[in-house]
Each structure stands twice: as C-alpha cells, then as structure tokens.
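Structure file structure.cif (mmCIF, C-alpha atoms) follows.
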```cif
data_final
#
loop_
_atom_site.label_atom_id
_atom_site.label_comp_id
_atom_site.auth_asym_id
_atom_site.auth_seq_id
_atom_site.Cartn_x
_atom_site.Cartn_y
_atom_site.Cartn_z
CA MET D 208 8.34 -17.03 -10.51
CA ILE D 209 10.66 -18.65 -7.97
CA GLY D 210 9.49 -19.02 -4.38
CA THR D 211 10.61 -20.82 -1.27
CA ASP D 212 8.33 -22.23 1.39
CA ALA D 213 8.51 -20.50 4.75
CA THR D 214 8.42 -22.56 7.90
CA GLY D 215 6.90 -21.72 11.23
CA PRO D 216 3.98 -22.21 13.57
CA GLY D 217 1.47 -21.58 10.79
CA GLU D 218 2.58 -24.66 8.84
CA GLY D 219 -0.84 -26.32 8.92
CA ARG D 220 -2.78 -23.32 7.62
CA PRO D 221 -3.35 -22.43 4.00
CA ARG D 222 -0.55 -20.10 2.94
CA ILE D 223 -2.69 -17.17 1.91
CA ALA D 224 -1.01 -13.79 1.53
CA LEU D 225 -2.51 -10.33 1.58
CA VAL D 226 -0.62 -7.87 -0.62
CA LEU D 227 -1.42 -4.15 -0.29
CA PRO D 228 0.35 -1.83 -2.76
CA GLY D 229 0.75 1.86 -2.07
CA GLY D 230 -1.88 4.43 -2.86
CA GLY D 231 -1.63 7.40 -0.52
CA ALA D 232 -5.10 8.48 0.59
CA ARG D 233 -6.59 6.09 -1.97
CA SER D 234 -5.54 3.23 0.32
CA ALA D 235 -8.77 3.85 2.24
CA TYR D 236 -10.28 1.57 -0.43
CA GLN D 237 -8.17 -1.30 0.92
CA VAL D 238 -9.64 -0.63 4.36
CA GLY D 239 -13.16 -0.98 2.96
CA VAL D 240 -12.41 -4.35 1.36
CA LEU D 241 -10.85 -5.64 4.59
CA LYS D 242 -13.78 -4.30 6.60
CA ALA D 243 -16.17 -6.29 4.40
CA ILE D 244 -14.14 -9.51 4.72
CA ALA D 245 -13.94 -9.06 8.49
CA GLY D 246 -17.72 -8.63 8.56
CA TRP D 247 -18.12 -12.15 7.20
CA CYS D 248 -16.24 -13.55 10.22
CA ARG D 249 -17.38 -14.16 13.77
CA PRO D 250 -16.17 -11.72 16.46
CA GLY D 251 -12.74 -12.74 17.70
CA GLU D 252 -11.87 -14.81 14.63
CA PRO D 253 -8.16 -14.75 13.73
CA LEU D 254 -6.69 -13.26 10.59
CA PRO D 255 -7.46 -15.36 7.47
CA PHE D 256 -4.04 -14.47 6.01
CA SER D 257 -0.79 -16.20 6.96
CA ILE D 258 1.41 -13.60 5.29
CA LEU D 259 1.04 -9.82 5.10
CA CYS D 260 2.96 -7.74 2.55
CA GLY D 261 2.62 -3.99 2.23
CA THR D 262 4.19 -1.05 0.48
CA SER D 263 3.79 2.66 1.26
CA ALA D 264 0.33 3.29 2.77
CA GLY D 265 -0.35 -0.40 2.24
CA ALA D 266 2.50 -1.13 4.67
CA ILE D 267 0.71 0.90 7.33
CA ASN D 268 -2.50 -1.02 6.75
CA VAL D 269 -0.85 -4.45 7.06
CA ALA D 270 0.93 -3.36 10.25
CA VAL D 271 -2.40 -2.43 11.86
CA ILE D 272 -4.03 -5.69 10.73
CA GLY D 273 -0.98 -7.69 11.81
CA ALA D 274 -0.96 -6.20 15.30
CA GLY D 275 -4.58 -7.35 15.66
CA ALA D 276 -4.09 -10.72 13.97
CA ALA D 277 -5.67 -12.63 16.88
CA ALA D 278 -8.99 -10.81 16.38
CA PHE D 279 -9.36 -9.79 12.74
CA PRO D 280 -12.84 -8.15 12.94
CA HIS D 281 -11.67 -5.87 15.75
CA ALA D 282 -8.45 -4.95 13.92
CA ALA D 283 -10.38 -4.15 10.73
CA ALA D 284 -12.82 -2.00 12.69
CA GLU D 285 -9.95 -0.06 14.30
CA LEU D 286 -8.37 0.48 10.89
CA ALA D 287 -11.67 1.79 9.50
CA ARG D 288 -12.07 4.06 12.53
CA VAL D 289 -8.74 5.78 11.92
CA TRP D 290 -9.18 6.11 8.16
CA GLY D 291 -12.79 7.24 8.51
CA ALA D 292 -11.80 10.18 10.71
CA PHE D 293 -8.69 11.26 8.81
CA ARG D 294 -7.61 14.88 8.53
CA VAL D 295 -4.78 16.10 6.32
CA SER D 296 -3.17 17.65 9.41
CA GLN D 297 -2.74 14.13 10.85
CA VAL D 298 -0.49 13.20 7.93
CA PHE D 299 1.49 16.35 7.20
CA ARG D 300 1.58 19.92 8.42
CA SER D 301 -0.96 21.85 6.38
CA GLY D 302 -1.46 25.09 8.29
CA ALA D 303 -1.14 28.47 6.59
CA VAL D 304 2.34 29.08 8.01
CA ASP D 305 3.52 25.59 7.02
CA MET D 306 2.22 25.88 3.45
CA LEU D 307 3.68 29.39 3.07
CA ARG D 308 7.01 28.22 4.46
CA SER D 309 7.09 25.24 2.09
CA GLY D 310 6.26 27.33 -0.96
CA LEU D 311 8.72 30.12 -0.15
CA HIS D 312 11.50 27.71 0.77
CA LEU D 313 11.17 25.90 -2.55
CA LEU D 314 10.94 29.17 -4.50
CA LEU D 315 13.98 30.77 -2.85
CA ALA D 316 16.04 27.61 -3.18
CA LEU D 317 15.28 27.34 -6.90
CA VAL D 318 15.71 31.05 -7.67
CA SER D 319 19.00 31.28 -5.79
CA GLY D 320 20.34 27.97 -6.98
CA GLY D 321 20.63 26.85 -3.37
CA TRP D 322 22.69 29.84 -2.22
CA LEU D 323 20.06 31.50 -0.01
CA LEU D 324 18.44 28.28 1.15
CA ALA D 325 19.31 24.66 0.53
CA VAL D 326 16.88 22.75 -1.64
CA PRO D 327 14.31 21.23 0.78
CA ARG D 328 14.38 17.51 1.47
CA SER D 329 10.65 17.36 0.81
CA LEU D 330 7.67 19.54 0.00
CA PHE D 331 5.72 18.54 3.14
CA ASN D 332 6.58 17.79 6.77
CA ASN D 333 4.96 14.46 7.67
CA SER D 334 5.93 14.36 11.36
CA PRO D 335 2.21 14.26 12.32
CA LEU D 336 1.96 10.87 10.58
CA ARG D 337 4.78 9.50 12.72
CA ALA D 338 2.95 10.68 15.84
CA LEU D 339 -0.33 9.12 14.65
CA LEU D 340 1.22 5.75 13.85
CA SER D 341 3.07 5.70 17.17
CA ARG D 342 -0.26 6.12 18.95
CA GLU D 343 -2.33 3.73 16.85
CA ILE D 344 -0.02 0.77 16.15
CA ASP D 345 1.10 -1.54 18.93
CA PHE D 346 4.39 -2.91 17.62
CA ALA D 347 4.76 -5.14 20.68
CA ARG D 348 1.49 -6.85 19.70
CA LEU D 349 2.77 -7.18 16.14
CA SER D 350 5.85 -9.01 17.42
CA GLN D 351 3.66 -11.17 19.62
CA ALA D 352 1.52 -12.10 16.60
CA THR D 353 4.54 -13.59 14.82
CA ARG D 354 5.93 -15.21 17.97
CA SER D 355 2.61 -16.89 18.76
CA GLY D 356 2.04 -18.12 15.22
CA ALA D 357 -1.06 -15.99 14.69
CA LEU D 358 0.90 -14.58 11.75
CA ASP D 359 3.62 -16.36 9.77
CA ALA D 360 5.28 -13.24 8.43
CA ILE D 361 4.85 -9.55 7.75
CA ALA D 362 6.88 -7.84 5.04
CA VAL D 363 7.32 -4.10 4.49
CA THR D 364 9.09 -2.87 1.36
CA ALA D 365 11.07 0.37 1.03
CA THR D 366 13.55 1.74 -1.49
CA GLY D 367 17.18 1.92 -0.40
CA LEU D 368 18.54 5.17 -1.79
CA GLY D 369 22.19 4.26 -1.22
CA GLY D 370 22.13 1.15 -3.39
CA GLY D 371 19.07 2.04 -5.43
CA GLU D 372 17.41 -1.28 -4.65
CA SER D 373 14.10 -2.57 -3.35
CA VAL D 374 14.52 -3.78 0.22
CA THR D 375 11.86 -5.87 1.93
CA PHE D 376 12.04 -5.96 5.73
CA VAL D 377 10.60 -9.24 7.02
CA GLN D 378 9.44 -10.16 10.51
CA SER D 379 8.85 -13.91 10.54
CA ALA D 380 7.44 -16.50 12.92
CA GLY D 381 9.98 -19.17 12.01
CA SER D 382 13.28 -19.50 10.23
CA PHE D 383 13.74 -16.88 7.55
CA GLU D 384 15.94 -17.27 4.51
CA PRO D 385 16.99 -13.83 3.16
CA TRP D 386 16.87 -13.40 -0.60
CA ASN D 387 19.09 -11.36 -2.87
CA ARG D 388 18.01 -10.92 -6.47
CA ALA D 389 18.78 -8.33 -9.12
CA GLY D 390 17.71 -5.00 -7.68
CA ARG D 391 15.81 -6.44 -4.71
CA ARG D 392 16.52 -8.25 -1.48
CA GLY D 393 14.77 -9.42 1.66
CA VAL D 394 16.24 -8.95 5.12
CA ALA D 395 15.14 -9.93 8.62
CA ALA D 396 13.90 -7.08 10.82
CA ASP D 397 11.68 -6.25 13.76
CA ILE D 398 9.15 -4.00 12.05
CA ASN D 399 8.90 -0.59 13.70
CA ILE D 400 7.78 2.97 13.02
CA ASP D 401 10.85 3.77 10.92
CA HIS D 402 10.10 0.98 8.44
CA LEU D 403 6.54 2.26 7.94
CA MET D 404 7.63 5.89 7.60
CA ALA D 405 10.32 4.91 5.09
CA SER D 406 8.00 2.73 3.02
CA SER D 407 5.40 5.54 2.83
CA ALA D 408 7.83 8.40 2.15
CA ILE D 409 6.39 9.45 -1.23
CA PRO D 410 9.27 10.94 -3.27
CA LEU D 411 9.39 14.74 -3.45
CA LEU D 412 6.45 15.04 -1.05
CA PHE D 413 7.92 13.42 2.11
CA ALA D 414 11.52 13.15 3.31
CA ALA D 415 13.52 9.93 3.18
CA VAL D 416 13.99 8.07 6.48
CA PRO D 417 17.31 6.84 7.94
CA ILE D 418 17.43 3.17 8.98
CA GLY D 419 20.83 2.12 10.21
CA HIS D 420 23.47 3.77 8.03
CA PHE D 421 21.23 4.23 4.97
CA HIS D 422 18.24 6.29 3.88
CA PHE D 423 15.05 4.76 2.56
CA SER D 424 12.08 6.16 0.69
CA ASP D 425 8.77 4.97 -0.74
CA GLY D 426 8.87 1.27 -1.49
CA ALA D 427 7.00 1.64 -4.78
CA MET D 428 9.92 3.40 -6.49
CA ARG D 429 11.94 0.24 -7.17
CA GLN D 430 9.42 -2.52 -6.49
CA THR D 431 9.08 -3.98 -9.95
CA MET D 432 7.90 -7.35 -8.63
CA LEU D 433 5.18 -6.58 -6.11
CA LEU D 434 4.21 -10.22 -5.52
CA ALA D 435 7.77 -11.48 -5.02
CA PRO D 436 7.95 -11.02 -1.22
CA ALA D 437 4.75 -13.03 -0.70
CA ILE D 438 6.02 -15.80 -2.98
CA HIS D 439 9.43 -15.89 -1.30
CA LEU D 440 7.62 -16.28 2.03
CA GLY D 441 5.75 -19.35 0.79
CA ALA D 442 2.34 -18.06 -0.30
CA ASP D 443 0.39 -20.21 -2.72
CA ARG D 444 -2.64 -17.90 -2.83
CA ILE D 445 -2.39 -14.10 -2.93
CA LEU D 446 -5.14 -11.53 -2.53
CA VAL D 447 -4.06 -8.14 -3.92
CA ILE D 448 -6.07 -5.00 -3.14
CA GLY D 449 -5.04 -2.11 -5.38
CA ALA D 450 -6.11 1.51 -5.20
CA ARG D 451 -6.41 2.57 -8.83
CA SER D 452 -9.60 2.12 -10.82
CA SER D 453 -9.80 -0.83 -13.17
CA ARG D 454 -11.18 1.55 -15.79
CA ILE D 455 -8.77 2.34 -18.62
CA ASP D 456 -8.78 5.93 -19.88
CA PRO D 457 -9.24 6.13 -23.65
CA PRO D 458 -6.50 8.09 -25.45
CA VAL D 459 -7.68 11.62 -26.16
CA PRO D 460 -5.88 14.73 -27.45
CA ASP D 461 -4.53 16.69 -24.52
CA LYS D 462 -2.50 19.75 -23.65
CA PRO D 463 1.05 19.58 -22.23
CA PRO D 464 0.93 18.58 -18.54
CA ASN D 465 2.18 20.94 -15.82
CA ILE D 466 4.26 20.01 -12.75
CA GLY D 467 1.30 19.06 -10.58
CA GLU D 468 -0.21 16.85 -13.26
CA MET D 469 3.13 15.15 -13.88
CA VAL D 470 3.47 14.35 -10.16
CA GLY D 471 0.01 12.76 -10.32
CA PHE D 472 1.04 10.65 -13.33
CA MET D 473 4.25 9.70 -11.51
CA LEU D 474 2.34 8.44 -8.46
CA ASP D 475 -0.02 6.46 -10.69
CA THR D 476 2.99 4.78 -12.28
CA LEU D 477 4.77 4.15 -8.98
CA PHE D 478 1.84 2.55 -7.24
CA MET D 479 0.28 0.38 -9.92
CA GLU D 480 2.16 -0.17 -13.18
CA GLY D 481 4.38 -2.99 -11.94
CA LEU D 482 1.47 -4.90 -10.45
CA HIS D 483 -0.19 -5.89 -13.72
CA ALA D 484 3.12 -7.03 -15.23
CA ASP D 485 3.75 -9.13 -12.12
CA LEU D 486 0.32 -10.73 -12.36
CA GLU D 487 0.99 -11.57 -16.00
CA ARG D 488 4.25 -13.30 -15.02
CA VAL D 489 2.39 -15.43 -12.49
CA GLU D 490 -0.24 -16.35 -15.09
CA ARG D 491 2.44 -17.37 -17.57
CA THR D 492 4.15 -19.54 -14.95
CA ASN D 493 0.83 -21.18 -14.06
CA ALA D 494 0.14 -21.85 -17.77
CA LEU D 495 3.59 -23.42 -18.12
CA LEU D 496 3.03 -25.66 -15.11
CA ASP D 497 -0.39 -26.69 -16.49
CA HIS D 498 1.28 -27.60 -19.78
CA LEU D 499 3.90 -29.68 -17.91
CA GLN D 500 1.41 -31.30 -15.54
CA ASP D 501 2.60 -34.81 -16.40
CA CYS D 502 6.24 -33.85 -15.83
CA ALA D 503 8.21 -32.76 -12.82
CA PRO D 504 8.00 -28.93 -12.56
CA PRO D 505 11.18 -26.95 -13.23
CA LEU D 506 13.22 -26.38 -10.09
CA GLY D 507 11.74 -23.65 -7.91
CA LEU D 508 8.50 -23.17 -9.85
CA ARG D 509 5.10 -23.74 -8.28
CA ARG D 510 1.56 -22.69 -8.97
CA ILE D 511 0.38 -19.42 -7.39
CA GLU D 512 -3.30 -18.45 -7.38
CA THR D 513 -4.05 -14.72 -7.37
CA LEU D 514 -7.13 -12.58 -6.90
CA LEU D 515 -7.07 -8.86 -7.68
CA MET D 516 -9.44 -6.27 -6.20
CA LEU D 517 -9.56 -2.81 -7.79
CA PRO D 518 -12.06 0.06 -7.32
CA ARG D 519 -14.93 -0.10 -9.78
CA SER D 520 -15.35 3.68 -9.48
CA ASP D 521 -12.53 6.11 -10.17
CA PRO D 522 -10.99 7.63 -6.98
CA ARG D 523 -10.06 10.71 -9.04
CA GLU D 524 -13.72 11.55 -9.55
CA ILE D 525 -14.48 11.03 -5.87
CA ALA D 526 -11.55 13.27 -4.96
CA ILE D 527 -12.67 16.08 -7.26
CA ALA D 528 -16.19 15.91 -5.84
CA ASN D 529 -14.79 16.23 -2.30
CA ARG D 530 -11.90 18.62 -2.91
CA ALA D 531 -13.52 21.27 -0.67
CA ALA D 532 -12.67 18.98 2.27
CA MET D 533 -8.96 19.71 1.77
CA PRO D 534 -7.48 22.56 3.83
CA ARG D 535 -7.72 25.84 1.96
CA THR D 536 -3.98 26.38 2.37
CA LEU D 537 -3.18 23.07 0.71
CA ARG D 538 -5.56 23.80 -2.15
CA ALA D 539 -3.79 27.13 -2.65
CA LEU D 540 -0.37 25.47 -2.78
CA LEU D 541 -1.60 22.86 -5.24
CA ARG D 542 -3.02 25.60 -7.47
CA VAL D 543 0.48 27.12 -7.58
CA LEU D 544 1.70 23.74 -8.87
CA GLY D 545 -1.03 23.78 -11.53
CA VAL D 546 -3.34 21.22 -9.91
CA ALA D 547 -6.81 22.12 -11.15
CA GLY D 548 -9.76 20.59 -12.97
CA GLU D 549 -10.15 16.93 -13.86
CA ARG D 550 -6.48 16.45 -14.70
CA GLY D 551 -5.58 17.52 -11.17
CA GLY D 552 -7.67 14.72 -9.72
CA ARG D 553 -4.80 12.22 -9.76
CA LEU D 554 -2.57 14.15 -7.36
CA ILE D 555 -5.48 15.35 -5.22
CA SER D 556 -6.70 11.77 -4.74
CA TYR D 557 -3.33 10.70 -3.34
CA LEU D 558 -3.13 13.62 -0.89
CA MET D 559 -6.76 13.91 0.25
CA PHE D 560 -6.43 12.45 3.73
CA ALA D 561 -9.83 13.92 4.59
CA ALA D 562 -12.79 12.08 6.11
CA PRO D 563 -15.35 12.84 3.36
CA PHE D 564 -13.03 11.29 0.76
CA THR D 565 -11.70 8.37 2.82
CA ARG D 566 -15.20 7.40 4.00
CA GLU D 567 -16.41 7.31 0.41
CA LEU D 568 -13.54 5.01 -0.53
CA ILE D 569 -14.19 2.77 2.48
CA ARG D 570 -17.83 2.49 1.41
CA LEU D 571 -16.72 1.72 -2.15
CA GLY D 572 -14.37 -1.00 -0.90
CA VAL D 573 -17.16 -2.59 1.14
CA GLN D 574 -19.57 -2.48 -1.83
CA ASP D 575 -17.01 -3.94 -4.26
CA ALA D 576 -16.14 -6.76 -1.85
CA GLU D 577 -19.78 -7.57 -1.17
CA ALA D 578 -20.40 -7.77 -4.92
CA ARG D 579 -17.66 -10.45 -5.12
CA ARG D 580 -18.37 -12.10 -1.78
CA ASP D 581 -18.69 -15.67 -3.04
CA GLU D 582 -15.51 -15.38 -5.11
CA ILE D 583 -13.45 -13.85 -2.29
CA SER D 584 -14.80 -16.24 0.36
CA SER D 585 -13.98 -19.24 -1.78
CA PHE D 586 -10.50 -17.92 -2.54
CA LEU D 587 -9.75 -17.35 1.15
CA GLY D 588 -11.34 -20.64 2.20
CA LEU D 589 -13.44 -18.86 4.79
CA GLU D 590 -16.11 -21.56 4.90
CA SER D 591 -13.69 -24.30 5.85
CA HIS D 592 -11.30 -22.11 7.87
CA PHE D 593 -13.94 -20.56 10.08
CA GLY D 594 -16.58 -23.30 9.86
CA LYS D 595 -19.14 -20.70 8.86
CA ALA D 596 -21.68 -20.84 6.04
CA LEU D 597 -21.35 -17.66 4.04
#
```

Write the structure described by the file as structure tokens, please.
Amino acid sequence: MIGTDATGPGEGRPRIALVLPGGGARSAYQVGVLKAIAGWCRPGEPLPFSILCGTSAGAINVAVIGAGAAAFPHAAAELARVWGAFRVSQVFRSGAVDMLRSGLHLLLALVSGGWLLAVPRSLFNNSPLRALLSREIDFARLSQATRSGALDAIAVTATGLGGGESVTFVQSAGSFEPWNRAGRRGVAADINIDHLMASSAIPLLFAAVPIGHFHFSDGAMRQTMLLAPAIHLGADRILVIGARSSRIDPPVPDKPPNIGEMVGFMLDTLFMEGLHADLERVERTNALLDHLQDCAPPLGLRRIETLLMLPRSDPREIAIANRAAMPRTLRALLRVLGVAGERGGRLISYLMFAAPFTRELIRLGVQDAEARRDEISSFLGLESHFGKAL
C-alpha cells in the first residue's frame, strides 16, 4: 500500500495509529479495549497513539479520546462512563409515539407510492445522539490537541452521496497533503459534530447529514480500504479494534431471510468485510518488502505492522441474552420487520444502545485486552514510551 509520512510536532514519537471501524452499539467493545490499555498507564499519561482514525461509531470514540489526548486514562474513563450508562433514547427517539409514527409513515409511503406521504429519509430520528455528542465532546479541546502536538492527526471517514466516494476528513497538527485515489479522497477539516453525525449515519436507519453543499452518510458504505487513511497520515504501526466476533459461522441450511435479517447481514458487511481484505493487502506488501530486503523498496512502499483485536465472544449472543433491555416499543417495531430469534441477533446487536449490553461488551473488551496484554504493550511500545514496567 502507498503511504506518505505526515509531518508535525509529533515527529519524534513512534507513528502508531488507532483505527476504529464502525459497529453501532457493538462499538462498546472498543471502549473496553481502550479502557484496559489506559489502565496500564499512569494517571495523566498522554495518548499512546499519534494518529486516530474512525468510522461510524468508531469515529465518535476517536473524537472523545482525541479531545482527551493529554490525559489518556481520564479520556478512556469518560468514554466508558458514557457507554456504560447508554440508553436507546440517547441515540434515537424510541418512545411509543415515535415508533408508531415511524412505522405508519413507512407503511403509508410504501402503500401509496409516495402520494400520501413522501418516503421517509430514515427509519429513526437520531437527534438525541447529536445532543449527547454536543454535551460530551469538547471540540475546542480536540483542536487544541492537534495544535499542541499531543495528537498528530485525527481522521473521520464518511460517504459522500453526491459523488459516491469515501471522504476522509482530516484535522492535522502539521502540513497536510490531501489525497485523491479511485473512489476515495482525504480533505482537510476542523472536525465537528456534523462530521461525526455523518460518519455514523447508518443507511436506512439514520438520515444523511449535509456538510457544505453535499450530503454524507455512514463512512463504512464506501470505505473499501479501512487502513488507508492511517497509512496516508504516516503510520508505521496500526492497532485495529473491530466489533465483530472472530468466530466464523459454519455454513448450515437456512430459510430465506426477511427484511430485518437482511439489514443485519448488510451491517455486518458494511462494518467488517473490507477490513480483512485490507489487512491481507498489508501482509502481502510486507512479504514483498521482506523478499526485496537487499534492494531499494519500490517507490512509495514501506512496511506497516498491524495488530487486530476482535471480540472472542459473539456480540449477537450477548445481545439476544439482553434483548429485554431494549425499549418495548423498539422491540415491537423490530418484530414487524421480522427480527426474532437467533437470526435477529445481528440487527439487535447493532441497535442495542442499552447499558446491560454495552457494559457486557466493555467487560469483554477489557478481558480480551488483558489476555493479550504483553502483545499489545509491546506493539504500542508502552514500556519505553511511558517508562513503566508492565
């Protein structure tokens, strides 16, 4: 893969990037992993990552961590506090009237072909999420983190609906060289609430967000190269924290999926499928460079080390076990869409912004990180960076 070195105040630090893909409510797992890493640091220690890259709910997580870059343990604790107390009503309107309105609006629009009511822009109204992020994220502190050099760059990816391309908005400490590749580009921006809302606007579920003269939606839709922003920004080591279980489902005979199940499959594909292909590309490039170690590397190619963290337990099973924590009105609407039983676990796990579920995922993230503590600490260089025996 081709990358260019970023320049800025963080020049002397290891260029370690944190990449957080999307995952809806499953992104609570990312919070658990970060909470564990922060627990290995002394109070007040700075962020061990030079570069932060996020998509969808992952974009929200990196914005919170970036705003608290000067004191990573505190920022991770604040992130865990918010996720650990989540309610669905903090993300989208889930009251009885709201769910009834959403269902009837969609039904009348479809039955009438748009004559009685226009087809809705989205199934849910996520204005509560905008209010929550406005309260919890200090964007002035995020800008200060890049200006002071506490953070080299933060990148948030969304999908531009006008051009059908993946657009990465980058706030950088130093000079920034925009990139323009097939189907994807990077542009300079001061990250704000609109970028986060656009990146996390899950298609069909949440409405697209206007930025400038264009509308943007969930960044996972067109992000076929998840690691590319981090590499463009100069990372030579990348920690990726996904939100889908590493377990592979064995093929079994099944019945035709309904709408709700298909939406769950769609979200699985959006949030994770491109990641593994991207990791394979990096591995192939590293193998090529190893083979050519006695020769000058091809122009633009350099070695990139990666470390992938995935849940060892399946979030679908945790979601099904905690489905009673979802508002009754939302469960009723999902039943209308055919979301039931084990096959409904995919969609439920992405929408269950409820404390019993998110706390379980945070605990799982902590446990998984602790089980790989030596490996993660070595990868991040925590011993040398913080001068702390781990």

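Each of D:Thr364, D:Ser585, D:Gln237, D:Ser556 was compared to D:Ile272 using only C-alpha atoms, and D:Gln237 turns out to be the nearest.
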
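Using only C-alpha atoms, the smallest distance between any of D:Ile555, D:His420, D:Ser406, D:Cys260 and D:Gly467 comes from D:Ile555.
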
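The nearest approach to D:Gly273 among the residues D:Arg222, D:Gly251, D:Ala352, D:Gly230, with all atoms listed in the file taken into account, belongs to D:Ala352.
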
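Take the candidates D:Phe472, D:Phe256, D:Phe560, D:Trp247 and check each one against D:Ile445 using only C-alpha atoms; the shortest distance goes to D:Phe256.
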
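Close contacts of D:Phe331, defined as residues with an atom at most 7 Å away when counting all atoms listed in the file, with chain neighbours fewer than 3 positions off set aside, comprise Phe299, Arg300, Ser309, Leu412 and Phe413 of chain D.
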
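Neighbours of D:Glu577 closer than or equal to 12 Å, with only C-alpha atoms counted and sequence neighbours fewer than 4 positions away skipped, come out as D:Gly239, D:Val240, D:Leu241, D:Lys242, D:Ala243, D:Ile244, D:Ala245, D:Gly246, D:Trp247, D:Met516, D:Arg570, D:Leu571, D:Gly572, D:Val573, D:Asp581, D:Glu582, D:Ile583, D:Ser584, D:Leu597.
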
(Q) Going by the chain IDs and residue numbers used in this file, which residues fall under the PyMOL selection byres ((chain D and resi 332-340) around 12)? Write them as a PyMOL selection string. (A) chain D and resi 264+266-268+270-271+286+289-290+293-302+305-306+308-309+327-331+341-346+399-405+407-409+411-416+558+560

Expand the PyMOL selection byres ((chain D and resi 492) around 10) into the individual residues it matches in the shown file, reporting them as an mmCIF file with C-alpha atoms, keeping the file's coordinate frame.
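The result, stored in selection32.cif:
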```cif
data_model
loop_
_atom_site.group_PDB
_atom_site.id
_atom_site.type_symbol
_atom_site.label_atom_id
_atom_site.label_comp_id
_atom_site.auth_asym_id
_atom_site.auth_seq_id
_atom_site.Cartn_x
_atom_site.Cartn_y
_atom_site.Cartn_z
ATOM 1 C CA MET D 208 8.340 -17.030 -10.510
ATOM 2 C CA ILE D 209 10.660 -18.650 -7.970
ATOM 3 C CA LEU D 486 0.320 -10.730 -12.360
ATOM 4 C CA GLU D 487 0.990 -11.570 -16.000
ATOM 5 C CA ARG D 488 4.250 -13.300 -15.020
ATOM 6 C CA VAL D 489 2.390 -15.430 -12.490
ATOM 7 C CA GLU D 490 -0.240 -16.350 -15.090
ATOM 8 C CA ARG D 491 2.440 -17.370 -17.570
ATOM 9 C CA ASN D 493 0.830 -21.180 -14.060
ATOM 10 C CA ALA D 494 0.140 -21.850 -17.770
ATOM 11 C CA LEU D 495 3.590 -23.420 -18.120
ATOM 12 C CA LEU D 496 3.030 -25.660 -15.110
ATOM 13 C CA ASP D 497 -0.390 -26.690 -16.490
ATOM 14 C CA HIS D 498 1.280 -27.600 -19.780
ATOM 15 C CA LEU D 508 8.500 -23.170 -9.850
ATOM 16 C CA ARG D 509 5.100 -23.740 -8.280
ATOM 17 C CA ARG D 510 1.560 -22.690 -8.970
ATOM 18 C CA ILE D 511 0.380 -19.420 -7.390
#
```

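For the pair atom CA of D:Ser263 and atom CA of D:Val377, the interatomic distance is 14.9 Å.
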
Tell me which protein, DNA and RNA residues are within 8 Å of D:Phe376, counting all atoms listed in the file, leaving out same-chain ones fewer than 6 positions away, and put them as a CSV table (one decimal) with C-alpha atoms, keeping the file's coordinate frame.
```csv
chain,number,residue,atom,x,y,z
D,362,ALA,CA,6.9,-7.8,5.0
D,363,VAL,CA,7.3,-4.1,4.5
D,364,THR,CA,9.1,-2.9,1.4
D,365,ALA,CA,11.1,0.4,1.0
D,393,GLY,CA,14.8,-9.4,1.7
D,394,VAL,CA,16.2,-9.0,5.1
D,395,ALA,CA,15.1,-9.9,8.6
D,396,ALA,CA,13.9,-7.1,10.8
D,398,ILE,CA,9.2,-4.0,12.0
D,402,HIS,CA,10.1,1.0,8.4
```
